[in-house]
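> Here's a structure for you.
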Amino acid sequence: MQKKSTLPLSDANANRKRKEVHSKETLVKLLRWHFGYPDFRGMQLDAIQSVLSGKDCFCLMPTGGGKSMCYQIPALAKPGIVLVVSPLIALMENQVMALKEKGIAADFLSSTKTADAKVKIHEDLDSGKPSTRLLYVTPELIATPGFMSKLTKIYTRGLLNLIAIDEAHCISSWGHDFRPSYRKLSSLRSHLPDVPILALTATAAPKVQKDVVESLRMQNPLILKSSFNRPNIYYEVRYKDLLDDACADLSNTLKSLGDVCAIVYCLERSMCDDLSSNLSQNGISCAAYHAGLNNKMRTSVLDDWISSKIKVIVATVAFGMGIDRKDVRIVCHFNIPKSMEAFYQESGRAGRDQLPSRSLLYYGIDDRKRMEFILSKSGSKKSSSSQEESSKISLIAFNQIVEYCEGSGCRRKRILESFGEEVTASLCGKTCDACRHANLVSRCLEDLKTVCALHRKNGSSRVFITSSSAATTTGEQLSEFWNRGEEASGSEEDISDSEDDNEVINNLTRSKLQSKLGVNEKLAMLQRAEENFYRNNNTYKQNNKGDKNAISDPMRVSSRQRLQNALKQVHQRLDDFKIEVDTSASFLEDECYKKYGKAGKSFYYSQVASTVRWLTTATSSELMNRLCAINASAEAEQSLTPAEQPFKPPPTLDPCAEDTSNEYSGNARSETSPCIVPMESCSFNNTNLPQIPSFSEFVNSRKTKGEQLNDTKKHSRTEKRMRMQ
Ligand SMILES: Nc1ncnc2c1ncn2[C@@H]1O[C@H](COP(=O)(O)OP(=O)(O)OP(=O)(O)O)[C@@H](O)[C@H]1O
Ligand SMILES: [Mg+2]
């Protein structure tokens with residue numbers, strides 16, 4: 001790369017200790033010359049001037065706020081070296097590459113460098129007149145005596161201008177990315193007493209701030225705090241328990257945005273793989289990224305994403321810190337993150353170009369329970385008292401993000417308040433779902449409460465729907481939500497996920513992960529899981545009578561009422577859409593019942609809620625299609641023989657028997673409307689629907705059929721042999 005000549009500096013032999021005043025004009029010139037930006041953003045200039053004048057500075061800026069510039073400009077403003085401590089090799093590589101492209105002499109020292117490359121860097125550092133302006137290193141390297149003595153040499157020559165600690169929150173166990181090796185940075189001050197320290201982070205928790213300042217032994221630092229508001233990000237939460245299929249919802253959302261750049265975060269590697277292949281099957285250009293992939297694979301996925309060969313990256317938190325792709329239009333969390341800080345950092349990777357972007361979090365009760373369990377076990381390698389302390393800290397932090405999901409107030413306000421910023425809801429300007437669709441969000445939360453209550457009552461959990469892999473039989477670690485920093489050190493913290501003594505989960509987990517198991521073994525495992533689920537939850541009773549989890553008639557009536565209300569709103573929303581409210585509501589309710597009637601009321605209730613939610617956005621043609629499809633299947637079922645029709649819906653639900661005077665539209669039966677569900681289709685009283693077999697029944701029937709088939713095959717083989725003899 002061609003080197004850009006540095007701008008002539010006022011005093012090329014400036015002594016590090018001398019307090020220098022760099023005017024705004026000089027610094028802006030450097031910014032324009034090297035980076036092409038017209039002016040400094042926010043508090044960049046204050047930070048730069050502070051460190052250039054020899055003062056420590058703690059710089060709190062939001063993600064994408066431009067923190068790197070606060071040490072990059074000082075590196076160009078006077079001769080000598082700026083040492084940058086960075087937690088990830090990938091992060092250092094990215095920044096160094098970008099700087100080199102701009103002709104700025106930057107380099108990094110890490111285990112990934114060849115011996116030759118390292119020698120060259122060391123020769124330059126030892127030369128007495130190093131050409132390197134920015135040297136990036138890991139905290140682990142700083143802790144080695146050899147490197148510290150090299151630094152001391154550079155320092156005594158007056159060539160060490162600044163120590164920048166990027167992602168400084170890693171120093172604090174209160175932060176979400178605690179890296180023990182960051183703790184060792186406290187030795188910097190004692191070895192290099194008057195080199196200014198610049199600590200940079202986007203983590204604003206006051207405890208973290210205090211911890212950083214104390215650990216680095218910063219002296220009366222200038223504290224710069226920008227607002228954490230990211231006005232260009234629209235915040236939204238969707239509730240997995242109220243959705244039919246969260247994967248499909250995600251896929252549709254990504255498709256509806258077009259061919260945009262996106263990040264989807266998952267808790268576990270296997271989920272990244274599964275989700276990524278699911279999205280690919282739906283025509284979305286995407287790939288999985290996690291620490292389970294080898295380095296080559298990870299680099300290639302990252303390159304493809306950076307260069308737009310792939311649009312969507314489905315990743316664990318191993319992906320992201322410092323990733324500087326500006327045009328990420330949406331960041332989705334497919335599982336709840338572990339804290340508000342983590343959420344802020346990850347969602348903050350959207351819209352670094354300041355253009356409108358989105359953060360979408362899928363919240364599920366099971367995900368919450370799962371994370372609570374993991375966090376309660378966090379630090380299990382420590383002594384019991386420090387483990388208790390560390391899991392307590394983690395759970396307090398986690399609670400904030402749960403409140404973000406389960407609260408009805410402005411999401412933006414909640415984020416900012418969690419960082420100690422006092423704001424009014426008007427700041428949001430309807431750029432979060434809670435402000436823009438307040439009623440809808442409240443309704444969802446009501447529904448969620450009901451689902452939660454049912455979960456509690458039944459002591460059940462939809463684990464077998466949302467939980468993918470928990471643990472492998474080999475104990476391999478799959479979740480990497482808290483140890484992204486381990487990338488740099490090459491080690492991975494062992495996280496035990498085997499939280500549930502619930503056999504169902506474990507069975508499923510194993511079935512999912514032991515991909516080499518045969519289909520029959522997997523089926524057997526799933527079958528056992530299903531049986532256990534029903535047994536454990538006391539729901540599976542032969543005749544389904546007197547069952548606490550059974551769906552009562554009043555419940556069906558009230559569901560139908562909810563659907564009627566939602567349909568009335570559809571009618572208002574799509575004013576040219578004439579609809580027979582009662583009949584359509586019955587159709588939809590019956591569909592929910594057919595799908596989940598056997599599984600129990602929490603599933604049924606979720607399905608109803610999800611249909612209600614769907615109705616709030618469905619177009620007339622979508623509605624038409626769905627109703628027609630139900631109608632068609634009802635007609636098909638009608639043609640079954642009586643023997644095939646064991647199921648009869650409760651008579652109270654016969655919509656034809658009801659007073660139809662509450663039809664919403666006086667025109668409801670108008671034959672001119674293409675969207676009417678004709679009354680003739682309303683034939684619940686004489687429609688007998690087929691019983692949906694349970695999974696076990698299905699497998700057993702397959703077994704019987706298989707055995708019969710085997711018998712037949714054996715028989716025909718014997719016959720054949722006999723014929724041949
Ligand atoms: N003054 C400026 N004007 C315009 N763009 C800028 C300015 N300063 C920095 N940027 C750009 O903003 C983007 C984000 O900067 P940077 O990576 O330093 O953010 P950050 O605060 O370190 O974010 P993170 O917390 O995610 O690491 C970069 O592409 C950078 O070039
Ligand atoms: Mg940064």
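Naming works like this for the structure tokens: A, B, ... for the chains as they're shown, residue 1 at the start of each chain, ligands 1 onward in shown order.
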Select the residues contacting ligand 1 at a distance of at most 6 Å, based on only C-alpha atoms and all ligand atoms, then format the selection as a PyMOL selection string.
chain A and resi 37+39-41+61-69+202+322+324
> Give me, as JSON, numbers by chain, the set of residues whose atoms come within 12 Å of any atom of ligand 2, counting only C-alpha atoms and all ligand atoms.
{"A": [59, 60, 61, 62, 63, 64, 65, 66, 67, 68, 69, 70, 71, 72, 84, 85, 86, 87, 88, 91, 92, 94, 95, 164, 165, 166, 167, 168, 169, 199, 200, 201, 202, 203, 320, 321, 322, 323, 324, 325, 345, 348, 349, 352]}
> One decimal, in Å: what's the spacing between atom CA of Lys601 of chain A and atom CA of Ala550 of chain A?
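Computing it gives 6.0 Å between the two atoms.
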> Need the shell around Leu134 of chain A: protein/DNA/RNA residues with any atom at most 9 Å away, counting only C-alpha atoms. Skip same-chain ones fewer than 3 positions apart. Format as a list in words?
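Answer for this query is Tyr71, Gln72, Ala75, Leu76, Gly80, Ile81, Val82, Leu83, Val84, Val96, Ile104, Ala105, Ala106, Asp107 and Phe108 of chain A.
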> Mind writing the picked residues with N, CA, C and O atoms as a PDB file, in the first residue's frame?

```pdb
ATOM      1  N   TYR A  71      -7.709   7.922  19.241  1.00  0.00           N
ATOM      2  CA  TYR A  71      -6.275   7.597  19.383  1.00  0.00           C
ATOM      3  C   TYR A  71      -5.569   7.598  18.029  1.00  0.00           C
ATOM      4  O   TYR A  71      -4.351   7.678  17.969  1.00  0.00           O
ATOM      5  N   GLN A  72      -6.351   7.515  16.946  1.00  0.00           N
ATOM      6  CA  GLN A  72      -5.690   7.501  15.635  1.00  0.00           C
ATOM      7  C   GLN A  72      -5.154   8.889  15.270  1.00  0.00           C
ATOM      8  O   GLN A  72      -4.052   9.019  14.741  1.00  0.00           O
ATOM      9  N   ALA A  75      -1.997   9.755  17.126  1.00  0.00           N
ATOM     10  CA  ALA A  75      -0.845   9.035  16.571  1.00  0.00           C
ATOM     11  C   ALA A  75      -0.256   9.777  15.381  1.00  0.00           C
ATOM     12  O   ALA A  75       0.924   9.618  15.061  1.00  0.00           O
ATOM     13  N   LEU A  76      -1.100  10.582  14.738  1.00  0.00           N
ATOM     14  CA  LEU A  76      -0.623  11.303  13.549  1.00  0.00           C
ATOM     15  C   LEU A  76      -0.175  12.715  13.892  1.00  0.00           C
ATOM     16  O   LEU A  76       0.434  13.399  13.072  1.00  0.00           O
ATOM     17  N   GLY A  80       6.423   9.416  17.170  1.00  0.00           N
ATOM     18  CA  GLY A  80       6.411   8.450  18.265  1.00  0.00           C
ATOM     19  C   GLY A  80       5.306   7.432  18.038  1.00  0.00           C
ATOM     20  O   GLY A  80       4.712   7.354  16.960  1.00  0.00           O
ATOM     21  N   ILE A  81       5.043   6.691  19.094  1.00  0.00           N
ATOM     22  CA  ILE A  81       4.119   5.551  18.952  1.00  0.00           C
ATOM     23  C   ILE A  81       2.899   5.707  19.859  1.00  0.00           C
ATOM     24  O   ILE A  81       3.016   6.178  20.991  1.00  0.00           O
ATOM     25  N   VAL A  82       1.773   5.292  19.330  1.00  0.00           N
ATOM     26  CA  VAL A  82       0.587   5.131  20.172  1.00  0.00           C
ATOM     27  C   VAL A  82       0.367   3.628  20.303  1.00  0.00           C
ATOM     28  O   VAL A  82       0.306   2.912  19.297  1.00  0.00           O
ATOM     29  N   LEU A  83       0.316   3.179  21.530  1.00  0.00           N
ATOM     30  CA  LEU A  83       0.095   1.752  21.786  1.00  0.00           C
ATOM     31  C   LEU A  83      -1.403   1.540  22.001  1.00  0.00           C
ATOM     32  O   LEU A  83      -2.020   2.218  22.830  1.00  0.00           O
ATOM     33  N   VAL A  84      -1.979   0.628  21.231  1.00  0.00           N
ATOM     34  CA  VAL A  84      -3.419   0.372  21.365  1.00  0.00           C
ATOM     35  C   VAL A  84      -3.617  -1.045  21.894  1.00  0.00           C
ATOM     36  O   VAL A  84      -3.162  -2.006  21.267  1.00  0.00           O
ATOM     37  N   VAL A  96      -5.944  -2.375  11.524  1.00  0.00           N
ATOM     38  CA  VAL A  96      -4.620  -2.166  10.924  1.00  0.00           C
ATOM     39  C   VAL A  96      -4.738  -2.171   9.399  1.00  0.00           C
ATOM     40  O   VAL A  96      -4.152  -1.327   8.711  1.00  0.00           O
ATOM     41  N   ILE A 104      -1.400   4.818   6.502  1.00  0.00           N
ATOM     42  CA  ILE A 104      -0.921   5.118   7.862  1.00  0.00           C
ATOM     43  C   ILE A 104      -0.123   3.922   8.388  1.00  0.00           C
ATOM     44  O   ILE A 104      -0.564   2.769   8.267  1.00  0.00           O
ATOM     45  N   ALA A 105       1.062   4.216   8.954  1.00  0.00           N
ATOM     46  CA  ALA A 105       1.937   3.137   9.402  1.00  0.00           C
ATOM     47  C   ALA A 105       1.414   2.533  10.703  1.00  0.00           C
ATOM     48  O   ALA A 105       1.674   3.037  11.796  1.00  0.00           O
ATOM     49  N   ALA A 106       0.645   1.458  10.550  1.00  0.00           N
ATOM     50  CA  ALA A 106       0.085   0.774  11.725  1.00  0.00           C
ATOM     51  C   ALA A 106       0.433  -0.700  11.630  1.00  0.00           C
ATOM     52  O   ALA A 106       0.607  -1.233  10.533  1.00  0.00           O
ATOM     53  N   ASP A 107       0.540  -1.341  12.776  1.00  0.00           N
ATOM     54  CA  ASP A 107       0.800  -2.785  12.768  1.00  0.00           C
ATOM     55  C   ASP A 107       0.296  -3.410  14.062  1.00  0.00           C
ATOM     56  O   ASP A 107      -0.093  -2.680  14.982  1.00  0.00           O
ATOM     57  N   PHE A 108       0.304  -4.722  14.096  1.00  0.00           N
ATOM     58  CA  PHE A 108      -0.108  -5.374  15.336  1.00  0.00           C
ATOM     59  C   PHE A 108       0.803  -6.554  15.637  1.00  0.00           C
ATOM     60  O   PHE A 108       1.403  -7.137  14.725  1.00  0.00           O
TER      61      PHE A 108
END
```
> Quick one: residues within 12 Å of Asn399 of chain A, only C-alpha atoms, excluding same-chain residues fewer than 4 positions away - as a PyMOL selection string?
chain A and resi 336-341+368-369+371-372+375+392-395+403-407+418
> Go through A:Phe373, A:Ala342, A:Pro130, A:Cys261 and flag the residue nearest Trp305 of chain A, using only C-alpha atoms for the distances.
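Closest residue, counting only C-alpha atoms: A:Cys261.
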> For Cys432 of chain A, work out the shell of residues within 8 Å, counting only C-alpha atoms and skipping chain neighbours fewer than 2 positions away, then give it as JSON, numbers by chain.
{"A": [234, 235, 236, 410, 411, 412, 428, 430, 434, 435, 436]}
> Please return as a count of residues only: the residues of segment 217-422 of chain A that backbone DSSP assigns to alpha helix (DSSP H).
87
> Using Å and a single decimal, report how far atom CA of Asn252 of chain A sits from atom CA of Ala566 of chain A.
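Between atom CA of Ala566 of chain A and atom CA of Asn252 of chain A the gap works out to 21.9 Å.
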> Measuring atom to atom with only C-alpha atoms, identify which of A:Asp241, A:Glu388, A:Asp353, A:Glu422 is nearest to Lys449 of chain A.
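The shortest atom-to-atom distance to Lys449 of chain A comes from A:Asp241.
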> One decimal, Å: what's the distance from atom CA of Ala115 of chain A over to atom CA of Pro145 of chain A, could you say?
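Atom CA of Pro145 of chain A lies 18.8 Å from atom CA of Ala115 of chain A.
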> Which is closer to Pro74 of chain A than all the others in A:Gln569, A:Ser584, A:Thr138, A:Ser50, using only C-alpha atoms?
A:Ser50
> Go through A:Val119, A:Leu188, A:Ile396, A:Ala291 and flag the residue nearest Ser149 of chain A, using only C-alpha atoms for the distances.
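Answer, going by the shortest atom-to-atom distance: A:Leu188.
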